[in-house]
file protein30.pdb (PDB, C-alpha atoms)
ATOM      1  CA  MET A1104       0.000   0.000   0.000
ATOM      2  CA  ASN A1105       1.136   3.534  -0.747
ATOM      3  CA  THR A1106       1.504   5.021   2.728
ATOM      4  CA  ALA A1107       1.256   8.563   1.382
ATOM      5  CA  THR A1108      -2.189   8.064  -0.145
ATOM      6  CA  GLY A1109      -3.504   5.031   1.716
ATOM      7  CA  VAL A1110      -4.308   3.415  -1.652
ATOM      8  CA  GLN A1111      -3.061  -0.019  -2.606
ATOM      9  CA  PRO A1112      -1.688  -0.008  -6.179
ATOM     10  CA  TRP A1113      -3.834  -1.957  -8.593
ATOM     11  CA  ILE A1114      -3.707  -3.804 -11.890
ATOM     12  CA  VAL A1115      -6.181  -3.588 -14.762
ATOM     13  CA  LEU A1116      -6.134  -6.624 -17.069
ATOM     14  CA  HIS A1117      -7.526  -5.225 -20.298
ATOM     15  CA  ALA A1118      -8.548  -7.070 -23.485
ATOM     16  CA  ASP A1119      -8.788  -5.276 -26.821
ATOM     17  CA  ASP A1120     -10.819  -6.302 -29.905
ATOM     18  CA  PHE A1121     -14.201  -7.184 -28.339
ATOM     19  CA  GLY A1122     -16.607  -7.531 -31.247
ATOM     20  CA  MET A1123     -14.002  -8.617 -33.801
ATOM     21  CA  ASN A1124     -15.388 -12.128 -34.276
ATOM     22  CA  ALA A1125     -17.083 -14.986 -32.436
ATOM     23  CA  ALA A1126     -13.825 -16.489 -31.151
ATOM     24  CA  VAL A1127     -12.633 -13.214 -29.648
ATOM     25  CA  ASN A1128     -16.044 -12.511 -28.122
ATOM     26  CA  ALA A1129     -16.239 -15.972 -26.576
ATOM     27  CA  GLY A1130     -12.720 -15.714 -25.184
ATOM     28  CA  ILE A1131     -13.244 -12.290 -23.645
ATOM     29  CA  VAL A1132     -16.545 -13.287 -22.035
ATOM     30  CA  GLN A1133     -14.920 -16.454 -20.674
ATOM     31  CA  ALA A1134     -11.979 -14.424 -19.329
ATOM     32  CA  PHE A1135     -14.480 -12.311 -17.355
ATOM     33  CA  ARG A1136     -16.726 -15.189 -16.250
ATOM     34  CA  ASP A1137     -14.091 -17.783 -15.393
ATOM     35  CA  GLY A1138     -10.939 -15.692 -15.113
ATOM     36  CA  LEU A1139      -9.439 -12.432 -13.959
ATOM     37  CA  LEU A1140     -10.051 -10.020 -16.837
ATOM     38  CA  THR A1141     -11.292  -6.646 -15.590
ATOM     39  CA  SER A1142     -11.630  -4.493 -18.712
ATOM     40  CA  THR A1143     -12.230  -4.618 -22.456
ATOM     41  CA  SER A1144     -12.813  -2.296 -25.399
ATOM     42  CA  ILE A1145     -15.117  -2.818 -28.347
ATOM     43  CA  LEU A1146     -14.614  -2.384 -32.094
ATOM     44  CA  ALA A1147     -17.755  -0.549 -33.184
ATOM     45  CA  ASN A1148     -17.387  -1.346 -36.897
ATOM     46  CA  ALA A1149     -16.491  -5.020 -36.474
ATOM     47  CA  PRO A1150     -18.641  -7.961 -37.668
ATOM     48  CA  ALA A1151     -19.553  -9.264 -34.181
ATOM     49  CA  VAL A1152     -20.110  -5.957 -32.376
ATOM     50  CA  SER A1153     -23.851  -6.551 -31.898
ATOM     51  CA  ASN A1154     -23.214  -9.941 -30.313
ATOM     52  CA  ALA A1155     -20.597  -8.418 -28.013
ATOM     53  CA  CYS A1156     -22.947  -5.669 -26.853
ATOM     54  CA  ALA A1157     -25.752  -8.198 -26.342
ATOM     55  CA  ALA A1158     -23.482 -10.329 -24.139
ATOM     56  CA  TRP A1159     -22.396  -7.406 -21.976
ATOM     57  CA  PRO A1160     -25.578  -6.786 -19.924
ATOM     58  CA  LEU A1161     -25.881 -10.512 -19.252
ATOM     59  CA  LEU A1162     -22.316 -10.577 -17.957
ATOM     60  CA  MET A1163     -22.896  -7.517 -15.799
ATOM     61  CA  ALA A1164     -26.095  -8.993 -14.357
ATOM     62  CA  GLU A1165     -24.227 -12.168 -13.436
ATOM     63  CA  LEU A1166     -21.569 -10.081 -11.692
ATOM     64  CA  ARG A1167     -24.150  -7.912  -9.916
ATOM     65  CA  GLU A1168     -26.070 -10.952  -8.648
ATOM     66  CA  GLY A1169     -22.926 -12.600  -7.288
ATOM     67  CA  ALA A1170     -23.263 -15.533  -9.665
ATOM     68  CA  ILE A1171     -20.105 -15.034 -11.704
ATOM     69  CA  PRO A1172     -17.992 -18.233 -11.513
ATOM     70  CA  SER A1173     -14.719 -16.341 -11.051
ATOM     71  CA  ALA A1174     -15.855 -14.592  -7.854
ATOM     72  CA  THR A1175     -13.696 -16.747  -5.574
ATOM     73  CA  ILE A1176     -10.425 -16.349  -7.461
ATOM     74  CA  ARG A1177     -11.148 -12.664  -7.966
ATOM     75  CA  ARG A1178     -11.436 -12.128  -4.237
ATOM     76  CA  GLN A1179      -8.119 -13.918  -3.785
ATOM     77  CA  ALA A1180      -6.620 -11.393  -6.211
ATOM     78  CA  GLY A1181      -8.054  -8.484  -4.197
ATOM     79  CA  ASP A1182     -10.830  -7.733  -6.668
ATOM     80  CA  SER A1183     -13.794  -5.745  -5.305
ATOM     81  CA  LEU A1184     -16.188  -7.326  -7.873
ATOM     82  CA  ARG A1185     -17.243  -3.866  -9.024
ATOM     83  CA  PRO A1186     -18.656  -3.461 -12.569
ATOM     84  CA  PHE A1187     -16.152  -4.245 -15.294
ATOM     85  CA  ASP A1188     -14.808  -1.592 -17.665
ATOM     86  CA  LEU A1189     -15.979  -1.445 -21.277
ATOM     87  CA  GLY A1190     -14.448   1.141 -23.576
ATOM     88  CA  VAL A1191     -14.552   1.994 -27.263
ATOM     89  CA  HIS A1192     -11.622   0.685 -29.315
ATOM     90  CA  LEU A1193     -11.394   3.603 -31.760
ATOM     91  CA  ASN A1194     -10.525   2.235 -35.170
ATOM     92  CA  LEU A1195      -9.127   3.699 -38.396
ATOM     93  CA  THR A1196      -7.064   0.689 -39.472
ATOM     94  CA  GLN A1197      -9.333  -2.339 -40.036
ATOM     95  CA  GLY A1198     -12.711  -3.004 -41.615
ATOM     96  CA  ARG A1199     -14.852  -0.283 -43.160
ATOM     97  CA  PRO A1200     -15.824   3.145 -41.833
ATOM     98  CA  LEU A1201     -19.277   3.716 -40.398
ATOM     99  CA  THR A1202     -19.585   7.144 -42.029
ATOM    100  CA  ALA A1203     -20.508   7.327 -45.720
ATOM    101  CA  ASN A1204     -18.312  10.325 -46.575
ATOM    102  CA  TYR A1205     -15.056   9.095 -45.089
ATOM    103  CA  PRO A1206     -12.157  10.265 -47.324
ATOM    104  CA  ALA A1207     -11.136   7.799 -50.016
ATOM    105  CA  GLU A1208      -7.537   8.960 -49.509
ATOM    106  CA  LEU A1209      -7.603   7.315 -46.083
ATOM    107  CA  LEU A1210      -8.903   3.995 -47.425
ATOM    108  CA  GLY A1211      -7.438   1.110 -49.368
ATOM    109  CA  ASP A1212      -8.400   0.040 -52.894
ATOM    110  CA  GLN A1213     -11.407  -1.952 -51.633
ATOM    111  CA  GLY A1214     -12.813   0.904 -49.551
ATOM    112  CA  GLN A1215     -11.459  -0.531 -46.329
ATOM    113  CA  PHE A1216      -9.353   1.061 -43.636
ATOM    114  CA  PRO A1217      -5.630   0.511 -44.345
ATOM    115  CA  GLY A1218      -2.940  -0.489 -41.886
ATOM    116  CA  ILE A1219      -1.563   1.820 -39.237
ATOM    117  CA  GLY A1220       1.477   2.745 -41.349
ATOM    118  CA  LEU A1221      -0.554   4.288 -44.159
ATOM    119  CA  VAL A1222      -2.890   6.042 -41.701
ATOM    120  CA  PHE A1223       0.106   7.557 -39.945
ATOM    121  CA  ARG A1224       1.725   8.754 -43.196
ATOM    122  CA  LYS A1225      -1.480  10.189 -44.666
ATOM    123  CA  LEU A1226      -2.558  12.029 -41.543
ATOM    124  CA  ARG A1227       0.946  13.365 -40.944
ATOM    125  CA  SER A1228       1.296  14.655 -44.515
ATOM    126  CA  GLU A1229      -2.213  16.081 -45.005
ATOM    127  CA  ARG A1230      -2.739  17.223 -41.409
ATOM    128  CA  SER A1231      -5.891  19.327 -41.017
ATOM    129  CA  GLN A1232      -7.471  18.329 -44.330
ATOM    130  CA  PHE A1233      -9.044  15.196 -42.840
ATOM    131  CA  ARG A1234      -9.625  16.384 -39.287
ATOM    132  CA  GLN A1235     -13.410  16.745 -39.432
ATOM    133  CA  ALA A1236     -13.945  13.516 -41.350
ATOM    134  CA  VAL A1237     -11.869  11.518 -38.866
ATOM    135  CA  LEU A1238     -13.648  13.201 -35.944
ATOM    136  CA  HIS A1239     -17.071  12.331 -37.399
ATOM    137  CA  GLU A1240     -16.022   8.708 -37.922
ATOM    138  CA  LEU A1241     -14.800   8.340 -34.345
ATOM    139  CA  GLN A1242     -17.981   9.980 -33.073
ATOM    140  CA  ALA A1243     -20.028   7.503 -35.113
ATOM    141  CA  GLN A1244     -18.143   4.617 -33.531
ATOM    142  CA  ILE A1245     -18.829   5.824 -29.998
ATOM    143  CA  GLU A1246     -22.472   6.503 -30.843
ATOM    144  CA  ARG A1247     -22.937   3.044 -32.324
ATOM    145  CA  VAL A1248     -21.764   1.443 -29.083
ATOM    146  CA  GLN A1249     -24.132   3.702 -27.149
ATOM    147  CA  ALA A1250     -26.987   2.838 -29.512
ATOM    148  CA  LEU A1251     -26.368  -0.846 -28.780
ATOM    149  CA  GLY A1252     -27.060  -0.163 -25.110
ATOM    150  CA  VAL A1253     -23.562   0.208 -23.676
ATOM    151  CA  ALA A1254     -22.238   3.241 -21.786
ATOM    152  CA  PRO A1255     -18.472   3.369 -22.478
ATOM    153  CA  THR A1256     -16.107   3.861 -19.554
ATOM    154  CA  HIS A1257     -12.968   4.737 -21.512
ATOM    155  CA  LEU A1258     -11.372   5.275 -24.924
ATOM    156  CA  ASN A1259      -8.388   3.631 -26.581
ATOM    157  CA  GLY A1260      -7.291   2.910 -30.138
ATOM    158  CA  HIS A1261      -7.015  -0.161 -32.345
ATOM    159  CA  GLN A1262      -3.344  -0.740 -33.196
ATOM    160  CA  TYR A1263      -2.605   2.263 -30.938
ATOM    161  CA  VAL A1264      -4.021   4.706 -33.481
ATOM    162  CA  GLU A1265      -4.814   7.095 -30.623
ATOM    163  CA  MET A1266      -1.100   7.936 -30.456
ATOM    164  CA  VAL A1267      -0.991   9.328 -34.015
ATOM    165  CA  PRO A1268      -0.798  13.059 -33.239
ATOM    166  CA  GLU A1269      -3.633  14.009 -35.592
ATOM    167  CA  VAL A1270      -5.888  11.460 -33.877
ATOM    168  CA  ALA A1271      -4.595  12.265 -30.399
ATOM    169  CA  SER A1272      -5.640  15.883 -30.911
ATOM    170  CA  LEU A1273      -9.259  14.710 -31.288
ATOM    171  CA  ILE A1274      -9.407  12.653 -28.106
ATOM    172  CA  PRO A1275     -10.157  15.587 -25.756
ATOM    173  CA  ASP A1276     -13.097  16.630 -27.966
ATOM    174  CA  LEU A1277     -14.463  13.088 -27.920
ATOM    175  CA  ALA A1278     -13.937  12.743 -24.176
ATOM    176  CA  ALA A1279     -15.769  16.004 -23.513
ATOM    177  CA  LYS A1280     -18.644  15.378 -25.919
ATOM    178  CA  TYR A1281     -19.427  11.909 -24.552
ATOM    179  CA  SER A1282     -18.327  12.440 -20.923
ATOM    180  CA  ILE A1283     -15.647   9.745 -21.106
ATOM    181  CA  PRO A1284     -12.687  11.091 -19.088
ATOM    182  CA  ILE A1285     -10.521   7.928 -19.036
ATOM    183  CA  VAL A1286      -8.107   7.165 -21.870
ATOM    184  CA  ARG A1287      -5.293   4.744 -22.503
ATOM    185  CA  LEU A1288      -1.750   6.052 -22.203
ATOM    186  CA  ALA A1289       0.462   3.380 -23.748
ATOM    187  CA  LYS A1290       3.736   4.888 -22.563
ATOM    188  CA  GLU A1291       5.554   1.688 -21.753
ATOM    189  CA  GLY A1292       8.674   1.584 -19.603
ATOM    190  CA  CYS A1293      11.170  -1.159 -18.763
ATOM    191  CA  LEU A1294      11.358  -2.162 -22.425
ATOM    192  CA  ALA A1295      14.984  -3.247 -22.155
ATOM    193  CA  ARG A1296      13.944  -5.893 -19.642
ATOM    194  CA  THR A1297      10.584  -6.943 -21.045
ATOM    195  CA  VAL A1298      11.305  -6.791 -24.791
ATOM    196  CA  LEU A1299      15.018  -6.426 -25.568
ATOM    197  CA  GLY A1300      15.792  -8.993 -22.876
ATOM    198  CA  GLN A1301      13.837 -11.504 -24.953
ATOM    199  CA  GLY A1302      16.100 -10.835 -27.946
ATOM    200  CA  ARG A1303      13.343  -9.037 -29.880
ATOM    201  CA  VAL A1304      15.380  -6.163 -31.338
ATOM    202  CA  ILE A1305      12.870  -5.034 -33.987
ATOM    203  CA  SER A1306      10.000  -5.099 -31.507
ATOM    204  CA  PHE A1307      12.139  -3.061 -29.128
ATOM    205  CA  ALA A1308      12.735  -0.403 -31.798
ATOM    206  CA  VAL A1309       9.032  -0.224 -32.647
ATOM    207  CA  ALA A1310       8.177  -0.004 -28.950
ATOM    208  CA  LEU A1311      10.489   2.992 -28.570
ATOM    209  CA  VAL A1312       8.643   4.777 -31.372
ATOM    210  CA  LYS A1313       5.317   4.051 -29.697
ATOM    211  CA  ARG A1314       6.673   5.317 -26.392
ATOM    212  CA  TYR A1315       7.805   8.568 -28.007
ATOM    213  CA  PHE A1316       4.354   9.333 -29.398
ATOM    214  CA  ALA A1317       2.715   8.198 -26.170
ATOM    215  CA  GLY A1318       4.842  10.750 -24.358
ATOM    216  CA  ARG A1319       3.508  13.485 -26.633
ATOM    217  CA  PHE A1320      -0.021  12.239 -26.026
ATOM    218  CA  GLN A1321       0.594  12.323 -22.279
ATOM    219  CA  GLN A1322       1.371  16.038 -22.383
ATOM    220  CA  GLN A1323      -1.897  16.650 -24.177
ATOM    221  CA  ILE A1324      -4.166  14.653 -21.909
ATOM    222  CA  GLU A1325      -2.594  16.190 -18.830
ATOM    223  CA  ARG A1326      -3.318  19.668 -20.209
ATOM    224  CA  GLU A1327      -6.922  18.653 -20.883
ATOM    225  CA  GLY A1328      -7.466  17.048 -17.468
ATOM    226  CA  LEU A1329      -8.099  13.541 -18.796
ATOM    227  CA  VAL A1330      -7.289  10.492 -16.679
ATOM    228  CA  ALA A1331      -5.033   7.546 -17.540
ATOM    229  CA  PRO A1332      -3.237   4.731 -15.687
ATOM    230  CA  SER A1333       0.221   5.492 -14.326
ATOM    231  CA  ARG A1334       1.852   2.674 -16.291
ATOM    232  CA  PHE A1335       1.049   0.461 -19.251
ATOM    233  CA  PHE A1336       2.505  -2.813 -20.489
ATOM    234  CA  GLY A1337       1.820  -4.751 -23.669
ATOM    235  CA  THR A1338       2.607  -2.484 -26.622
ATOM    236  CA  SER A1339       4.999  -5.103 -27.987
ATOM    237  CA  HIS A1340       3.438  -8.283 -26.631
ATOM    238  CA  ALA A1341       0.200  -8.679 -28.617
ATOM    239  CA  GLY A1342      -0.863 -12.285 -28.127
ATOM    240  CA  GLN A1343       2.449 -13.091 -26.415
ATOM    241  CA  VAL A1344       1.814 -12.384 -22.743
ATOM    242  CA  ASP A1345       2.459 -15.609 -20.854
ATOM    243  CA  LYS A1346       2.645 -16.020 -17.099
ATOM    244  CA  SER A1347       6.383 -15.303 -16.912
ATOM    245  CA  THR A1348       5.867 -12.071 -18.866
ATOM    246  CA  LEU A1349       2.977 -11.163 -16.583
ATOM    247  CA  ILE A1350       5.268 -11.571 -13.574
ATOM    248  CA  LYS A1351       7.755  -9.156 -15.158
ATOM    249  CA  PHE A1352       4.976  -6.632 -15.712
ATOM    250  CA  LEU A1353       3.827  -6.973 -12.104
ATOM    251  CA  THR A1354       7.392  -6.527 -10.894
ATOM    252  CA  PHE A1355       7.627  -3.162 -12.644
ATOM    253  CA  ALA A1356       4.051  -2.044 -11.932
ATOM    254  CA  SER A1357       3.307   1.387 -10.531
ATOM    255  CA  PRO A1358       4.013   1.454  -6.770
ATOM    256  CA  SER A1359       1.392   4.097  -6.138
ATOM    257  CA  GLY A1360      -1.434   3.861  -8.681
ATOM    258  CA  CYS A1361      -2.929   1.976 -11.593
ATOM    259  CA  THR A1362      -1.059  -0.205 -14.063
ATOM    260  CA  GLU A1363      -2.855  -1.405 -17.185
ATOM    261  CA  ILE A1364      -1.766  -4.567 -19.008
ATOM    262  CA  GLY A1365      -2.976  -4.916 -22.590
ATOM    263  CA  LEU A1366      -4.086  -8.421 -23.579
ATOM    264  CA  HIS A1367      -5.736 -10.225 -26.502
ATOM    265  CA  PRO A1368      -7.489 -13.397 -25.261
ATOM    266  CA  GLY A1369      -9.761 -15.568 -27.367
ATOM    267  CA  VAL A1370     -10.872 -19.149 -27.870
ATOM    268  CA  ALA A1371      -9.732 -21.285 -30.780
ATOM    269  CA  ALA A1372     -10.901 -19.789 -34.064
ATOM    270  CA  ILE A1373     -14.568 -20.295 -34.860
ATOM    271  CA  GLU A1374     -15.647 -20.364 -38.500
ATOM    272  CA  SER A1375     -18.196 -17.640 -39.193
ATOM    273  CA  PRO A1376     -19.799 -16.237 -42.344
ATOM    274  CA  LEU A1377     -19.376 -12.780 -40.781
ATOM    275  CA  VAL A1378     -15.581 -12.922 -40.945
ATOM    276  CA  THR A1379     -14.102 -11.423 -44.115
ATOM    277  CA  ASP A1380     -10.582 -10.796 -45.337
ATOM    278  CA  ALA A1381     -10.876  -7.282 -43.918
ATOM    279  CA  TRP A1382     -11.199  -8.856 -40.491
ATOM    280  CA  HIS A1383      -8.425 -11.419 -40.689
ATOM    281  CA  ASP A1384      -7.134 -11.933 -37.156
ATOM    282  CA  PRO A1385      -3.335 -12.304 -37.085
ATOM    283  CA  LEU A1386      -3.487 -13.149 -33.378
ATOM    284  CA  ALA A1387      -6.027 -15.980 -33.713
ATOM    285  CA  VAL A1388      -3.561 -18.786 -32.971
ATOM    286  CA  ALA A1389      -1.991 -16.990 -30.010
ATOM    287  CA  ARG A1390      -5.135 -15.835 -28.203
ATOM    288  CA  PRO A1391      -6.053 -19.107 -26.398
ATOM    289  CA  ALA A1392      -2.740 -19.145 -24.498
ATOM    290  CA  GLU A1393      -3.517 -15.786 -22.882
ATOM    291  CA  LEU A1394      -7.020 -16.968 -22.055
ATOM    292  CA  GLU A1395      -5.592 -20.063 -20.365
ATOM    293  CA  TRP A1396      -3.510 -18.232 -17.750
ATOM    294  CA  LEU A1397      -6.260 -15.645 -17.218
ATOM    295  CA  CYS A1398      -8.487 -18.519 -16.088
ATOM    296  CA  ASP A1399      -5.772 -20.412 -14.169
ATOM    297  CA  ILE A1400      -6.448 -20.342 -10.414
ATOM    298  CA  SER A1401      -2.711 -20.132  -9.717
ATOM    299  CA  THR A1402      -2.587 -16.715 -11.382
ATOM    300  CA  CYS A1403      -4.642 -15.051  -8.637
ATOM    301  CA  GLY A1404      -1.833 -15.322  -6.078
ATOM    302  CA  LEU A1405       0.626 -13.374  -8.219
ATOM    303  CA  PHE A1406      -0.966 -10.014  -7.403
ATOM    304  CA  SER A1407      -0.712 -10.198  -3.618
ATOM    305  CA  ASN A1408       2.834 -11.522  -3.996
ATOM    306  CA  HIS A1409       3.698  -8.154  -5.554
ATOM    307  CA  GLY A1410       1.618  -6.036  -3.177
ATOM    308  CA  LEU A1411      -1.010  -5.445  -5.847
ATOM    309  CA  ARG A1412      -4.734  -6.002  -6.290
ATOM    310  CA  LEU A1413      -7.053  -6.296  -9.259
ATOM    311  CA  GLY A1414      -8.961  -3.117  -9.995
ATOM    312  CA  ARG A1415     -10.719  -1.012 -12.595
ATOM    313  CA  LEU A1416      -9.912   1.922 -14.819
ATOM    314  CA  THR A1417     -12.918   3.652 -13.268
ATOM    315  CA  ASP A1418     -11.156   3.452  -9.888
ATOM    316  CA  LEU A1419      -9.007   6.306 -11.231
ATOM    317  CA  LEU A1420     -11.956   8.651 -10.843
ATOM    318  CA  SER A1421     -12.111   8.167  -7.074
ATOM    319  CA  VAL A1422      -8.396   8.510  -6.234
TER     320      VAL A1422
END
call {"tool": "encode", "arguments": {"input": "protein30.pdb", "output": "structure tokens"}}
result
Amino acid sequence: MNTATGVQPWIVLHADDFGMNAAVNAGIVQAFRDGLLTSTSILANAPAVSNACAAWPLLMAELREGAIPSATIRRQAGDSLRPFDLGVHLNLTQGRPLTANYPAELLGDQGQFPGIGLVFRKLRSERSQFRQAVLHELQAQIERVQALGVAPTHLNGHQYVEMVPEVASLIPDLAAKYSIPIVRLAKEGCLARTVLGQGRVISFAVALVKRYFAGRFQQQIEREGLVAPSRFFGTSHAGQVDKSTLIKFLTFASPSGCTEIGLHPGVAAIESPLVTDAWHDPLAVARPAELEWLCDISTCGLFSNHGLRLGRLTDLLSV
């Protein structure tokens, strides 16, 4: 416990990509019901978004009624069993836009969002030309989640698109318009030990670039009074967080606040007519391994061993 504040530091185990497909949805729901997941974010333009939003109130009712199977292991991990977090996974890099007038210059040949590299180059070179169109698209994504009956608790970006400066500049407007004050700050430290120490030189270099832009984003959100966890881990471990990596993250967690760990659990791939080439999941094979340790009863003891507890992003609002 931080003796200065009287608050025990806490961990948020967050899963991105809710709504991507049936396998991801099933894995995330299982990680809440049977495991230790505390937070997720939803892709509003993804094929299985309606199914994800339909599953959410059922999950929350099970938690509220004390019938969630993971209640026992959660208590062992210091979890208060408060409502889980559900954010919007803002997306400009996969699938198709929700808005009809989205600029063709920001799309691929088939009218689909391109990868993060092209989005970064286009927005950096054209700057203000696309500002309003991108803002309207991100607004449409938040509003679609709301229309499906979910009140978002936070905002983050698919493939960390929120760190692109031209997108980052829109986040305060979105946060104010929809009263969503919590954002992800993927400024990851200890990379030499958690990435370079694994011999992953290219991933280390990419992680440094992400950290640079996250640092710029941090200055902005602090000016605007937005709230974010003190530390984040996972920018270079998509689908690769095993229990030994988790222990490293816990070792370097914030000693006085919230640490968020980004995860990508899922069950083994499920064939679905909804899944198209635009929604190919490069993490499909890796996702079940993260789900396994999230639901492993031995995982719950790791938090107290490091003086930590499970918590929520929304806990930031009461500190």
call {"tool": "atom_distance", "arguments": {"input": "protein30.pdb", "atom1": "CA of Pro1284 (chain A)", "atom2": "CA of Val1253 (chain A)"}}
result
16.1 Å
call {"tool": "resolve_selection", "arguments": {"input": "protein30.pdb", "expression": "the PyMOL selection byres ((chain A and resi 1289) around 8)", "output": "list in words"}}
result
Tyr1263, Arg1287, Leu1288, Lys1290, Glu1291, Lys1313, Arg1314, Ala1317, Arg1334, Phe1335, Phe1336 and Thr1338 of chain A
call {"tool": "resolve_selection", "arguments": {"input": "protein30.pdb", "expression": "the PyMOL selection byres ((chain A and resi 1413) around 12)", "output": "CSV table (one decimal) with C-alpha atoms, keeping the file's coordinate frame"}}
result
chain,number,residue,atom,x,y,z
A,1111,GLN,CA,-3.1,0.0,-2.6
A,1112,PRO,CA,-1.7,0.0,-6.2
A,1113,TRP,CA,-3.8,-2.0,-8.6
A,1114,ILE,CA,-3.7,-3.8,-11.9
A,1115,VAL,CA,-6.2,-3.6,-14.8
A,1116,LEU,CA,-6.1,-6.6,-17.1
A,1117,HIS,CA,-7.5,-5.2,-20.3
A,1138,GLY,CA,-10.9,-15.7,-15.1
A,1139,LEU,CA,-9.4,-12.4,-14.0
A,1140,LEU,CA,-10.1,-10.0,-16.8
A,1141,THR,CA,-11.3,-6.6,-15.6
A,1142,SER,CA,-11.6,-4.5,-18.7
A,1176,ILE,CA,-10.4,-16.3,-7.5
A,1177,ARG,CA,-11.1,-12.7,-8.0
A,1178,ARG,CA,-11.4,-12.1,-4.2
A,1179,GLN,CA,-8.1,-13.9,-3.8
A,1180,ALA,CA,-6.6,-11.4,-6.2
A,1181,GLY,CA,-8.1,-8.5,-4.2
A,1182,ASP,CA,-10.8,-7.7,-6.7
A,1183,SER,CA,-13.8,-5.7,-5.3
A,1184,LEU,CA,-16.2,-7.3,-7.9
A,1185,ARG,CA,-17.2,-3.9,-9.0
A,1187,PHE,CA,-16.2,-4.2,-15.3
A,1353,LEU,CA,3.8,-7.0,-12.1
A,1360,GLY,CA,-1.4,3.9,-8.7
A,1361,CYS,CA,-2.9,2.0,-11.6
A,1362,THR,CA,-1.1,-0.2,-14.1
A,1363,GLU,CA,-2.9,-1.4,-17.2
A,1364,ILE,CA,-1.8,-4.6,-19.0
A,1402,THR,CA,-2.6,-16.7,-11.4
A,1403,CYS,CA,-4.6,-15.1,-8.6
A,1404,GLY,CA,-1.8,-15.3,-6.1
A,1405,LEU,CA,0.6,-13.4,-8.2
A,1406,PHE,CA,-1.0,-10.0,-7.4
A,1407,SER,CA,-0.7,-10.2,-3.6
A,1409,HIS,CA,3.7,-8.2,-5.6
A,1410,GLY,CA,1.6,-6.0,-3.2
A,1411,LEU,CA,-1.0,-5.4,-5.8
A,1412,ARG,CA,-4.7,-6.0,-6.3
A,1414,GLY,CA,-9.0,-3.1,-10.0
A,1415,ARG,CA,-10.7,-1.0,-12.6
A,1416,LEU,CA,-9.9,1.9,-14.8
A,1418,ASP,CA,-11.2,3.5,-9.9
call {"tool": "residues_around", "arguments": {"input": "protein30.pdb", "residues": "Val1270 (chain A)", "least_positions_apart": "3", "cutoff": "9 Å", "atoms": "all atoms listed in the file", "output": "ChimeraX atom specification"}}
result
/A:1226,1234,1237-1238,1264-1267,1273-1274
call {"tool": "closest_residue", "arguments": {"input": "protein30.pdb", "among": "A:Ala1157, A:Val1330, A:Val1127, A:Val1110", "to": "Pro1358 (chain A)", "atoms": "only C-alpha atoms"}}
result
A:Val1110
call {"tool": "residues_around", "arguments": {"input": "protein30.pdb", "residues": "Phe1135 (chain A)", "least_positions_apart": "6", "cutoff": "12 Å", "atoms": "all atoms listed in the file", "output": "NGL selection string"}}
result
:A and (1116-1118 or 1128-1129 or 1141-1143 or 1158-1159 or 1161-1163 or 1165-1166 or 1171-1174 or 1176-1177 or 1184 or 1186-1189 or 1368-1369 or 1394 or 1397-1398)
call {"tool": "closest_residue", "arguments": {"input": "protein30.pdb", "among": "A:Ala1389, A:Leu1195, A:Val1344, A:Ala1203", "to": "Lys1225 (chain A)", "atoms": "all atoms listed in the file"}}
result
A:Leu1195
call {"tool": "atom_distance", "arguments": {"input": "protein30.pdb", "atom1": "CA of Ser1306 (chain A)", "atom2": "CA of His1340 (chain A)"}}
result
8.8 Å
call {"tool": "residues_around", "arguments": {"input": "protein30.pdb", "residues": "His1257 (chain A)", "least_positions_apart": "5", "cutoff": "6 Å", "atoms": "all atoms listed in the file", "output": "list in words"}}
result
Gly1190, Ile1283, Ile1285 and Val1286 of chain A
call {"tool": "resolve_selection", "arguments": {"input": "protein30.pdb", "expression": "the PyMOL selection byres ((chain A and resi 1261) around 12)", "output": "PyMOL selection string"}}
result
chain A and resi 1118-1121+1123+1144-1149+1190-1198+1216+1218-1219+1222+1241+1258-1260+1262-1267+1270+1287+1289+1338+1341+1365+1367
call {"tool": "write_last_selection", "arguments": {"input": "protein30.pdb", "atoms": "C-alpha atoms", "output": "compact mmCIF listing (two decimals), keeping the file's coordinate frame"}}
result
# COMPACT_ATOMS: atom_id res chain seq x y z
CA ALA A 1118 -8.55 -7.07 -23.48
CA ASP A 1119 -8.79 -5.28 -26.82
CA ASP A 1120 -10.82 -6.30 -29.90
CA PHE A 1121 -14.20 -7.18 -28.34
CA MET A 1123 -14.00 -8.62 -33.80
CA SER A 1144 -12.81 -2.30 -25.40
CA ILE A 1145 -15.12 -2.82 -28.35
CA LEU A 1146 -14.61 -2.38 -32.09
CA ALA A 1147 -17.76 -0.55 -33.18
CA ASN A 1148 -17.39 -1.35 -36.90
CA ALA A 1149 -16.49 -5.02 -36.47
CA GLY A 1190 -14.45 1.14 -23.58
CA VAL A 1191 -14.55 1.99 -27.26
CA HIS A 1192 -11.62 0.68 -29.32
CA LEU A 1193 -11.39 3.60 -31.76
CA ASN A 1194 -10.52 2.24 -35.17
CA LEU A 1195 -9.13 3.70 -38.40
CA THR A 1196 -7.06 0.69 -39.47
CA GLN A 1197 -9.33 -2.34 -40.04
CA GLY A 1198 -12.71 -3.00 -41.62
CA PHE A 1216 -9.35 1.06 -43.64
CA GLY A 1218 -2.94 -0.49 -41.89
CA ILE A 1219 -1.56 1.82 -39.24
CA VAL A 1222 -2.89 6.04 -41.70
CA LEU A 1241 -14.80 8.34 -34.34
CA LEU A 1258 -11.37 5.28 -24.92
CA ASN A 1259 -8.39 3.63 -26.58
CA GLY A 1260 -7.29 2.91 -30.14
CA GLN A 1262 -3.34 -0.74 -33.20
CA TYR A 1263 -2.60 2.26 -30.94
CA VAL A 1264 -4.02 4.71 -33.48
CA GLU A 1265 -4.81 7.10 -30.62
CA MET A 1266 -1.10 7.94 -30.46
CA VAL A 1267 -0.99 9.33 -34.02
CA VAL A 1270 -5.89 11.46 -33.88
CA ARG A 1287 -5.29 4.74 -22.50
CA ALA A 1289 0.46 3.38 -23.75
CA THR A 1338 2.61 -2.48 -26.62
CA ALA A 1341 0.20 -8.68 -28.62
CA GLY A 1365 -2.98 -4.92 -22.59
CA HIS A 1367 -5.74 -10.22 -26.50
